>>> print(open('input.cif').read())   # mmCIF, C-alpha atoms
data_query
#
loop_
_atom_site.label_atom_id
_atom_site.label_comp_id
_atom_site.auth_asym_id
_atom_site.auth_seq_id
_atom_site.Cartn_x
_atom_site.Cartn_y
_atom_site.Cartn_z
CA MET A 1 -206.58 23.26 101.33
CA VAL A 2 -203.14 23.52 99.76
CA LEU A 3 -200.82 25.88 101.61
CA SER A 4 -198.54 27.98 99.42
CA ALA A 5 -195.39 29.60 100.71
CA ILE A 6 -191.96 30.76 99.66
CA LEU A 7 -188.90 29.43 101.46
CA ASP A 8 -186.12 31.60 102.81
CA THR A 9 -182.54 30.60 103.61
CA SER A 10 -182.99 31.09 107.35
CA ILE A 11 -185.80 28.55 107.69
CA LEU A 12 -183.84 25.91 105.78
CA ILE A 13 -180.65 26.46 107.78
CA ALA A 14 -182.52 26.32 111.08
CA ALA A 15 -184.38 23.16 110.09
CA ILE A 16 -181.32 21.37 108.74
CA SER A 17 -179.13 21.69 111.84
CA THR A 18 -180.35 20.38 115.18
CA ARG A 19 -177.92 22.74 116.93
CA GLU A 20 -179.64 25.82 115.58
CA GLN A 21 -181.38 27.97 118.16
CA HIS A 22 -184.69 27.92 116.25
CA HIS A 23 -184.46 24.36 114.98
CA LEU A 24 -187.68 23.09 116.55
CA GLN A 25 -189.81 25.98 115.26
CA ALA A 26 -188.31 25.71 111.79
CA ALA A 27 -188.77 21.94 111.69
CA ALA A 28 -192.39 22.27 112.83
CA VAL A 29 -193.28 24.78 110.13
CA LEU A 30 -191.59 22.72 107.40
CA ARG A 31 -193.56 19.67 108.53
CA GLU A 32 -196.76 21.72 108.54
CA PHE A 33 -196.16 22.94 105.01
CA GLY A 34 -194.49 19.74 103.85
CA GLN A 35 -197.29 18.73 101.52
CA GLY A 36 -198.07 22.26 100.39
CA GLU A 37 -196.91 24.19 97.37
CA LEU A 38 -193.51 25.40 98.39
CA THR A 39 -191.35 27.56 96.17
CA LEU A 40 -187.63 28.16 96.51
CA PRO A 41 -186.21 31.02 94.43
CA ILE A 42 -182.95 29.96 92.79
CA THR A 43 -181.16 32.87 94.48
CA ILE A 44 -182.24 31.57 97.90
CA LEU A 45 -181.13 28.06 96.99
CA SER A 46 -177.76 29.48 95.97
CA GLU A 47 -177.42 31.39 99.24
CA THR A 48 -178.38 28.30 101.23
CA MET A 49 -175.90 26.12 99.35
CA SER A 50 -173.14 28.70 99.84
CA LEU A 51 -173.71 28.87 103.56
CA ILE A 52 -173.85 25.10 104.02
CA GLY A 53 -170.79 24.61 101.86
CA SER A 54 -168.82 27.21 103.77
CA ARG A 55 -169.85 25.95 107.22
CA HIS A 56 -170.18 22.19 106.71
CA GLY A 57 -168.36 21.27 103.51
CA VAL A 58 -169.24 20.15 100.02
CA SER A 59 -170.35 16.63 100.96
CA LEU A 60 -173.17 17.87 103.15
CA GLN A 61 -173.96 20.55 100.61
CA ARG A 62 -174.56 17.82 98.02
CA GLU A 63 -176.73 15.84 100.43
CA VAL A 64 -178.92 18.86 101.15
CA LEU A 65 -179.25 19.64 97.45
CA ASP A 66 -180.23 16.03 96.68
CA ARG A 67 -182.96 16.15 99.32
CA ILE A 68 -184.30 19.49 98.18
CA MET A 69 -184.40 18.28 94.57
CA ALA A 70 -186.28 15.13 95.62
CA SER A 71 -188.65 17.05 97.89
CA GLY A 72 -191.09 18.32 95.29
CA VAL A 73 -190.33 21.93 96.17
CA ALA A 74 -190.47 24.13 93.06
CA VAL A 75 -187.17 25.86 92.40
CA LEU A 76 -188.06 29.15 90.75
CA PRO A 77 -185.69 30.61 88.14
CA VAL A 78 -185.06 34.32 88.47
CA GLY A 79 -185.13 36.08 85.12
CA THR A 80 -184.59 39.66 84.03
CA GLN A 81 -188.11 40.76 84.92
CA VAL A 82 -187.88 39.46 88.47
CA LEU A 83 -184.40 40.93 88.86
CA ALA A 84 -185.70 44.32 87.75
CA ARG A 85 -188.50 44.04 90.31
CA ALA A 86 -185.98 43.01 92.96
CA ARG A 87 -183.85 46.04 92.16
CA GLU A 88 -186.89 48.29 92.56
CA ILE A 89 -187.71 46.71 95.92
CA ASP A 90 -184.12 46.98 97.10
CA GLY A 91 -184.12 50.68 96.22
CA ALA A 92 -187.54 51.44 97.68
CA TYR A 93 -186.74 49.65 100.94
CA ALA A 94 -183.11 50.70 101.22
CA ASP A 95 -183.48 51.38 104.94
CA ALA A 96 -184.56 47.78 105.57
CA GLY A 97 -181.29 46.53 104.11
CA PHE A 98 -182.81 43.55 102.36
CA GLY A 99 -179.90 43.04 99.99
CA PHE A 100 -179.86 41.02 96.81
CA ALA A 101 -181.18 37.61 97.91
CA ASP A 102 -184.04 38.92 100.06
CA SER A 103 -185.05 41.41 97.37
CA THR A 104 -185.30 38.63 94.81
CA LEU A 105 -187.36 36.58 97.28
CA LEU A 106 -189.79 39.49 97.66
CA ALA A 107 -189.90 39.95 93.88
CA CYS A 108 -190.79 36.24 93.61
CA CYS A 109 -193.66 36.83 96.05
CA GLU A 110 -194.91 39.48 93.64
CA GLU A 111 -194.36 37.27 90.61
CA LEU A 112 -196.30 34.35 92.11
CA ARG A 113 -198.67 36.49 94.18
CA VAL A 114 -197.80 34.47 97.27
CA ALA A 115 -198.01 36.45 100.50
CA ARG A 116 -196.62 33.80 102.84
CA VAL A 117 -192.90 33.38 103.53
CA LEU A 118 -191.29 30.76 105.75
CA SER A 119 -188.45 32.70 107.33
CA LEU A 120 -186.87 33.73 110.62
CA ASP A 121 -186.11 37.15 109.18
CA ARG A 122 -188.70 39.54 110.65
CA ARG A 123 -187.43 42.41 108.49
CA LEU A 124 -189.35 40.90 105.58
CA ALA A 125 -192.62 41.81 107.32
CA CYS A 126 -192.06 45.49 106.61
CA TYR A 127 -192.51 44.86 102.88
CA ARG A 128 -195.93 45.84 101.55
CA PRO A 129 -196.88 43.64 98.60
CA THR A 130 -198.91 45.11 95.75
CA PHE A 131 -201.40 42.23 95.77
CA ALA A 132 -202.07 41.74 99.51
CA PRO A 133 -202.28 43.86 102.67
CA GLY A 134 -199.05 42.40 103.99
CA LEU A 135 -196.75 39.40 104.10
CA GLU A 136 -197.30 36.57 106.54
CA ILE A 137 -193.92 35.54 107.92
CA LEU A 138 -193.90 32.11 109.59
CA PRO A 139 -193.08 30.71 112.13
CA MET B 1 -200.27 -3.92 72.56
CA LYS B 2 -197.13 -2.37 71.21
CA LYS B 3 -194.07 -4.32 70.27
CA THR B 4 -190.74 -3.28 71.74
CA MET B 5 -187.23 -4.63 72.06
CA MET B 6 -184.90 -4.48 75.05
CA TYR B 7 -181.41 -5.61 75.93
CA LEU B 8 -180.94 -7.69 79.09
CA GLU B 9 -177.85 -8.89 80.89
CA GLU B 10 -177.23 -12.57 80.16
CA GLU B 11 -177.92 -13.59 83.73
CA MET B 12 -181.17 -11.63 83.79
CA HIS B 13 -182.21 -13.11 80.46
CA ALA B 14 -181.46 -16.63 81.70
CA TYR B 15 -183.51 -16.05 84.83
CA LEU B 16 -186.40 -14.68 82.82
CA ALA B 17 -186.35 -17.67 80.45
CA GLN B 18 -186.17 -20.12 83.35
CA GLU B 19 -189.01 -18.42 85.24
CA ALA B 20 -191.18 -18.29 82.10
CA SER B 21 -190.58 -21.98 81.50
CA ARG B 22 -191.33 -22.88 85.11
CA ARG B 23 -194.62 -20.96 85.10
CA GLY B 24 -195.58 -21.89 81.57
CA ILE B 25 -195.98 -18.29 80.44
CA SER B 26 -194.04 -16.05 78.09
CA MET B 27 -191.05 -13.94 79.05
CA ALA B 28 -193.03 -10.91 77.89
CA GLU B 29 -195.81 -11.73 80.37
CA ILE B 30 -193.32 -11.70 83.25
CA ALA B 31 -191.90 -8.39 82.01
CA ARG B 32 -195.42 -6.91 81.94
CA GLU B 33 -196.09 -8.19 85.48
CA ALA B 34 -192.82 -6.69 86.72
CA ILE B 35 -193.54 -3.31 85.11
CA ALA B 36 -197.04 -3.22 86.58
CA GLN B 37 -195.67 -4.06 90.02
CA TYR B 38 -192.98 -1.40 89.70
CA ARG B 39 -195.55 1.19 88.70
CA THR B 40 -197.75 0.38 91.71
CA GLN B 41 -194.84 0.58 94.12
CA SER B 42 -193.70 3.91 92.63
CA ALA B 43 -197.15 5.40 92.99
CA GLU B 44 -197.41 4.25 96.61
CA ARG B 45 -193.98 5.65 97.50
CA PRO B 46 -194.62 9.11 98.97
CA THR B 47 -192.57 12.09 97.86
CA PRO B 48 -190.21 12.73 100.75
CA GLY B 49 -191.11 16.42 100.91
CA ILE B 50 -189.03 19.26 102.27
CA ALA B 51 -189.18 17.70 105.75
CA ALA B 52 -186.46 15.34 104.51
CA VAL B 53 -183.87 18.04 105.21
CA ILE B 54 -184.83 18.31 108.89
CA GLY B 55 -181.99 17.35 111.20
CA LEU B 56 -179.62 16.46 108.38
CA ILE B 57 -176.86 18.12 110.40
CA ASP B 58 -176.93 16.48 113.80
CA THR B 59 -173.49 16.99 115.26
CA PRO B 60 -172.82 17.58 118.94
CA GLY B 61 -171.63 20.98 120.07
CA PRO B 62 -172.80 24.30 121.39
CA PRO B 63 -175.97 25.92 120.03
CA THR B 64 -175.57 27.94 116.86
CA ASN B 65 -177.49 30.79 115.31
CA ASP B 66 -176.34 30.58 111.70
CA ALA B 67 -179.90 30.93 110.40
CA GLU B 68 -180.11 34.50 111.61
CA ARG B 69 -176.55 35.39 110.64
CA VAL B 70 -176.55 34.33 107.00
CA ASP B 71 -175.39 37.68 105.58
CA GLU B 72 -172.74 38.09 108.27
CA LEU B 73 -171.35 34.55 107.88
CA LEU B 74 -171.21 34.73 104.10
CA GLY B 75 -169.62 38.19 104.38
CA GLU B 76 -166.87 36.75 106.58
CA TYR B 77 -166.38 33.73 104.34
CA TYR B 78 -166.01 35.75 101.15
CA ALA B 79 -164.13 38.69 102.74
CA PRO B 80 -160.70 39.57 101.31
CA SER B 81 -158.19 37.10 102.77
CA GLY B 82 -161.11 35.19 104.23
CA ALA B 83 -161.77 31.47 104.19
CA TRP B 84 -162.79 31.39 100.51
CA ASP B 85 -159.56 33.09 99.46
CA ARG B 86 -157.53 30.68 101.60
CA GLU B 87 -159.34 27.60 100.33
CA HIS B 88 -158.67 28.71 96.76
CA GLY B 89 -155.01 29.52 97.29
CA LEU B 90 -155.42 33.25 96.87
CA VAL B 91 -153.66 34.01 100.17
CA GLY B 92 -151.28 32.03 102.36
CA ASP B 93 -152.43 30.50 105.62
CA SER B 94 -151.27 32.68 108.48
#
>>> encode(input="input.cif", output="structure tokens")
Amino acid sequence: MVLSAILDTSILIAAISTREQHHLQAAAVLREFGQGELTLPITILSETMSLIGSRHGVSLQREVLDRIMASGVAVLPVGTQVLARAREIDGAYADAGFGFADSTLLACCEELRVARVLSLDRRLACYRPTFAPGLEILP
Amino acid sequence: MKKTMMYLEEEMHAYLAQEASRRGISMAEIAREAIAQYRTQSAERPTPGIAAVIGLIDTPGPPTNDAERVDELLGEYYAPSGAWDREHGLVGDS
């Protein structure tokens, strides 16, 4: 059975650095889903690249990008329709404080009808998708 | 079969000619063998997968929690007079 999931910035950051508090859990879940259908919204890739660039420099940022591009993970463009959906989600869940990147991630869940997110951000679990009873947030 | 033409470096061409002569076959036959071998090796080479990013940053130091502070860290970095401004010469180092 092919496992489908959407990747969040937090899971990538935790997996990439061995010093991260949740490195082992993040690494384990990426290995588990390694051969599955993983999707990375372009907004999440951008956020991840920004954080790595700001914390570790451009050289490492390039290395991470090269590995993601070679990984087989599908990088999902975010067009006007998804942005409009993200804006709706951001407004409807204002109290959760998702912000731009997380709202686009949730809009991508809707777009692809994928109810599984690899993330350390438990706030995402409060989102109620239109196509499933709830989101599964792993690990 | 389809006919095609390719340009080779002189040294590569010389090797191909020498090898064809030694084995008593055509240069094209060796090229076909090499392409078939390349194709097999490519198919057998697994896609590295997203696990290839695991542990890419493996520097000693105290534990970090950047993964759960993404918004906060980016907010600090891009704040007025923050690191981004300094790196781009928008404010002086103080």
>>> resolve_selection(input="input.cif", expression="the PyMOL selection byres ((chain A) within 6 of (chain B))", output="ChimeraX atom specification")
/A:10,13-21,30-31,34,71-72
>>> write_last_selection(input="input.cif", atoms="C-alpha atoms", output="PDB file, in the coordinates of the input")
ATOM      1  CA  SER A  10    -182.990  31.090 107.350  1.00  0.00           C
ATOM      2  CA  ILE A  13    -180.650  26.460 107.780  1.00  0.00           C
ATOM      3  CA  ALA A  14    -182.520  26.320 111.080  1.00  0.00           C
ATOM      4  CA  ALA A  15    -184.380  23.160 110.090  1.00  0.00           C
ATOM      5  CA  ILE A  16    -181.320  21.370 108.740  1.00  0.00           C
ATOM      6  CA  SER A  17    -179.130  21.690 111.840  1.00  0.00           C
ATOM      7  CA  THR A  18    -180.350  20.380 115.180  1.00  0.00           C
ATOM      8  CA  ARG A  19    -177.920  22.740 116.930  1.00  0.00           C
ATOM      9  CA  GLU A  20    -179.640  25.820 115.580  1.00  0.00           C
ATOM     10  CA  GLN A  21    -181.380  27.970 118.160  1.00  0.00           C
ATOM     11  CA  LEU A  30    -191.590  22.720 107.400  1.00  0.00           C
ATOM     12  CA  ARG A  31    -193.560  19.670 108.530  1.00  0.00           C
ATOM     13  CA  GLY A  34    -194.490  19.740 103.850  1.00  0.00           C
ATOM     14  CA  SER A  71    -188.650  17.050  97.890  1.00  0.00           C
ATOM     15  CA  GLY A  72    -191.090  18.320  95.290  1.00  0.00           C
TER      16      GLY A  72
END
>>> atom_distance(input="input.cif", atom1="atom CA of A:Ser50", atom2="atom CA of B:Gly89")
18.3 Å
>>> residues_around(input="input.cif", residues="A:Thr43", least_positions_apart="3", cutoff="9 Å", atoms="only C-alpha atoms", output="list in words")
Leu40, Ser46, Glu47, Thr48, Leu76, Pro77, Val78, Phe100, Ala101, Asp102, Thr104 and Leu105 of chain A
>>> write_last_selection(input="input.cif", atoms="C-alpha atoms", output="PDB file, in the frame of the given file")
ATOM      1  CA  LEU A  40    -187.630  28.160  96.510  1.00  0.00           C
ATOM      2  CA  SER A  46    -177.760  29.480  95.970  1.00  0.00           C
ATOM      3  CA  GLU A  47    -177.420  31.390  99.240  1.00  0.00           C
ATOM      4  CA  THR A  48    -178.380  28.300 101.230  1.00  0.00           C
ATOM      5  CA  LEU A  76    -188.060  29.150  90.750  1.00  0.00           C
ATOM      6  CA  PRO A  77    -185.690  30.610  88.140  1.00  0.00           C
ATOM      7  CA  VAL A  78    -185.060  34.320  88.470  1.00  0.00           C
ATOM      8  CA  PHE A 100    -179.860  41.020  96.810  1.00  0.00           C
ATOM      9  CA  ALA A 101    -181.180  37.610  97.910  1.00  0.00           C
ATOM     10  CA  ASP A 102    -184.040  38.920 100.060  1.00  0.00           C
ATOM     11  CA  THR A 104    -185.300  38.630  94.810  1.00  0.00           C
ATOM     12  CA  LEU A 105    -187.360  36.580  97.280  1.00  0.00           C
TER      13      LEU A 105
END
>>> atom_distance(input="input.cif", atom1="atom CA of A:Ala26", atom2="atom CA of A:Ala132")
24.4 Å
>>> atom_distance(input="input.cif", atom1="atom CA of A:Asp121", atom2="atom CA of A:Tyr93")
15.0 Å
>>> residues_around(input="input.cif", residues="B:Ala28", least_positions_apart="4", cutoff="12 Å", atoms="all atoms listed in the file", output="PyMOL selection string")
chain B and resi 1-6+13+16-17+19-21+24+32-35
>>> resolve_selection(input="input.cif", expression="the PyMOL selection byres ((chain A and resi 62) around 12)", output="ChimeraX atom specification")
/A:48-50,52-53,56-61,63-69 /B:53,56
>>> closest_residue(input="input.cif", among="A:Ala125, A:Ala86, A:Ala74, A:Leu118", to="A:Asp8", atoms="all atoms listed in the file")
A:Leu118
>>> resolve_selection(input="input.cif", expression="the PyMOL selection byres ((chain A and resi 130) around 10)", output="ChimeraX atom specification")
/A:109-110,113,115,127-129,131-134
>>> closest_residue(input="input.cif", among="A:Leu138, A:Leu124, A:Ile42, A:Ala5", to="A:Ala96", atoms="only C-alpha atoms")
A:Leu124
>>> closest_residue(input="input.cif", among="A:Leu38, A:Ile44, A:Leu120, A:Leu51", to="A:His23", atoms="only C-alpha atoms")
A:Leu120
>>> build_atoms(input="input.cif", residues="stretch 1-29 of chain B", atoms="N, CA and C atoms", output="PDB file, keeping the file's coordinate frame")
ATOM      1  N   MET B   1    -201.629  -3.855  72.000  1.00  0.00           N
ATOM      2  CA  MET B   1    -200.270  -3.920  72.560  1.00  0.00           C
ATOM      3  C   MET B   1    -199.276  -3.379  71.546  1.00  0.00           C
ATOM      4  N   LYS B   2    -198.203  -2.844  72.070  1.00  0.00           N
ATOM      5  CA  LYS B   2    -197.130  -2.370  71.210  1.00  0.00           C
ATOM      6  C   LYS B   2    -195.927  -3.280  71.350  1.00  0.00           C
ATOM      7  N   LYS B   3    -195.247  -3.456  70.243  1.00  0.00           N
ATOM      8  CA  LYS B   3    -194.070  -4.320  70.270  1.00  0.00           C
ATOM      9  C   LYS B   3    -192.835  -3.472  70.580  1.00  0.00           C
ATOM     10  N   THR B   4    -191.977  -3.998  71.424  1.00  0.00           N
ATOM     11  CA  THR B   4    -190.740  -3.280  71.740  1.00  0.00           C
ATOM     12  C   THR B   4    -189.598  -4.284  71.874  1.00  0.00           C
ATOM     13  N   MET B   5    -188.393  -3.750  71.927  1.00  0.00           N
ATOM     14  CA  MET B   5    -187.230  -4.630  72.060  1.00  0.00           C
ATOM     15  C   MET B   5    -186.360  -4.086  73.184  1.00  0.00           C
ATOM     16  N   MET B   6    -185.779  -4.962  73.985  1.00  0.00           N
ATOM     17  CA  MET B   6    -184.900  -4.480  75.050  1.00  0.00           C
ATOM     18  C   MET B   6    -183.705  -5.413  75.182  1.00  0.00           C
ATOM     19  N   TYR B   7    -182.620  -4.829  75.686  1.00  0.00           N
ATOM     20  CA  TYR B   7    -181.410  -5.610  75.930  1.00  0.00           C
ATOM     21  C   TYR B   7    -181.350  -5.975  77.407  1.00  0.00           C
ATOM     22  N   LEU B   8    -181.060  -7.234  77.697  1.00  0.00           N
ATOM     23  CA  LEU B   8    -180.940  -7.690  79.090  1.00  0.00           C
ATOM     24  C   LEU B   8    -179.562  -8.298  79.302  1.00  0.00           C
ATOM     25  N   GLU B   9    -179.079  -8.173  80.523  1.00  0.00           N
ATOM     26  CA  GLU B   9    -177.850  -8.890  80.890  1.00  0.00           C
ATOM     27  C   GLU B   9    -178.120 -10.388  80.728  1.00  0.00           C
ATOM     28  N   GLU B  10    -177.054 -11.128  80.406  1.00  0.00           N
ATOM     29  CA  GLU B  10    -177.230 -12.570  80.160  1.00  0.00           C
ATOM     30  C   GLU B  10    -177.875 -13.280  81.333  1.00  0.00           C
ATOM     31  N   GLU B  11    -177.402 -12.924  82.534  1.00  0.00           N
ATOM     32  CA  GLU B  11    -177.920 -13.590  83.730  1.00  0.00           C
ATOM     33  C   GLU B  11    -179.405 -13.286  83.913  1.00  0.00           C
ATOM     34  N   MET B  12    -179.770 -12.025  83.641  1.00  0.00           N
ATOM     35  CA  MET B  12    -181.170 -11.630  83.790  1.00  0.00           C
ATOM     36  C   MET B  12    -182.035 -12.331  82.741  1.00  0.00           C
ATOM     37  N   HIS B  13    -181.486 -12.447  81.538  1.00  0.00           N
ATOM     38  CA  HIS B  13    -182.210 -13.110  80.460  1.00  0.00           C
ATOM     39  C   HIS B  13    -182.417 -14.594  80.798  1.00  0.00           C
ATOM     40  N   ALA B  14    -181.370 -15.207  81.354  1.00  0.00           N
ATOM     41  CA  ALA B  14    -181.460 -16.630  81.700  1.00  0.00           C
ATOM     42  C   ALA B  14    -182.512 -16.853  82.781  1.00  0.00           C
ATOM     43  N   TYR B  15    -182.520 -15.940  83.766  1.00  0.00           N
ATOM     44  CA  TYR B  15    -183.510 -16.050  84.830  1.00  0.00           C
ATOM     45  C   TYR B  15    -184.922 -15.911  84.282  1.00  0.00           C
ATOM     46  N   LEU B  16    -185.083 -14.935  83.387  1.00  0.00           N
ATOM     47  CA  LEU B  16    -186.400 -14.680  82.820  1.00  0.00           C
ATOM     48  C   LEU B  16    -186.902 -15.902  82.031  1.00  0.00           C
ATOM     49  N   ALA B  17    -185.993 -16.489  81.259  1.00  0.00           N
ATOM     50  CA  ALA B  17    -186.350 -17.670  80.450  1.00  0.00           C
ATOM     51  C   ALA B  17    -186.729 -18.847  81.357  1.00  0.00           C
ATOM     52  N   GLN B  18    -185.937 -19.013  82.415  1.00  0.00           N
ATOM     53  CA  GLN B  18    -186.170 -20.120  83.350  1.00  0.00           C
ATOM     54  C   GLN B  18    -187.507 -19.944  84.071  1.00  0.00           C
ATOM     55  N   GLU B  19    -187.778 -18.715  84.512  1.00  0.00           N
ATOM     56  CA  GLU B  19    -189.010 -18.420  85.240  1.00  0.00           C
ATOM     57  C   GLU B  19    -190.225 -18.597  84.314  1.00  0.00           C
ATOM     58  N   ALA B  20    -190.070 -18.159  83.058  1.00  0.00           N
ATOM     59  CA  ALA B  20    -191.180 -18.290  82.100  1.00  0.00           C
ATOM     60  C   ALA B  20    -191.479 -19.770  81.861  1.00  0.00           C
ATOM     61  N   SER B  21    -190.408 -20.548  81.726  1.00  0.00           N
ATOM     62  CA  SER B  21    -190.580 -21.980  81.500  1.00  0.00           C
ATOM     63  C   SER B  21    -191.253 -22.648  82.693  1.00  0.00           C
ATOM     64  N   ARG B  22    -190.792 -22.277  83.894  1.00  0.00           N
ATOM     65  CA  ARG B  22    -191.330 -22.880  85.110  1.00  0.00           C
ATOM     66  C   ARG B  22    -192.823 -22.603  85.263  1.00  0.00           C
ATOM     67  N   ARG B  23    -193.215 -21.352  84.915  1.00  0.00           N
ATOM     68  CA  ARG B  23    -194.620 -20.960  85.100  1.00  0.00           C
ATOM     69  C   ARG B  23    -195.476 -21.228  83.867  1.00  0.00           C
ATOM     70  N   GLY B  24    -194.833 -21.591  82.785  1.00  0.00           N
ATOM     71  CA  GLY B  24    -195.580 -21.890  81.570  1.00  0.00           C
ATOM     72  C   GLY B  24    -196.188 -20.657  80.924  1.00  0.00           C
ATOM     73  N   ILE B  25    -195.522 -19.523  81.102  1.00  0.00           N
ATOM     74  CA  ILE B  25    -195.980 -18.290  80.440  1.00  0.00           C
ATOM     75  C   ILE B  25    -194.831 -17.688  79.655  1.00  0.00           C
ATOM     76  N   SER B  26    -195.102 -16.645  78.914  1.00  0.00           N
ATOM     77  CA  SER B  26    -194.040 -16.050  78.090  1.00  0.00           C
ATOM     78  C   SER B  26    -193.157 -15.122  78.924  1.00  0.00           C
ATOM     79  N   MET B  27    -191.959 -14.892  78.389  1.00  0.00           N
ATOM     80  CA  MET B  27    -191.050 -13.940  79.050  1.00  0.00           C
ATOM     81  C   MET B  27    -191.687 -12.543  79.050  1.00  0.00           C
ATOM     82  N   ALA B  28    -192.389 -12.228  77.979  1.00  0.00           N
ATOM     83  CA  ALA B  28    -193.030 -10.910  77.890  1.00  0.00           C
ATOM     84  C   ALA B  28    -194.066 -10.733  78.995  1.00  0.00           C
ATOM     85  N   GLU B  29    -194.786 -11.804  79.325  1.00  0.00           N
ATOM     86  CA  GLU B  29    -195.810 -11.730  80.370  1.00  0.00           C
ATOM     87  C   GLU B  29    -195.165 -11.384  81.720  1.00  0.00           C
TER      88      GLU B  29
END
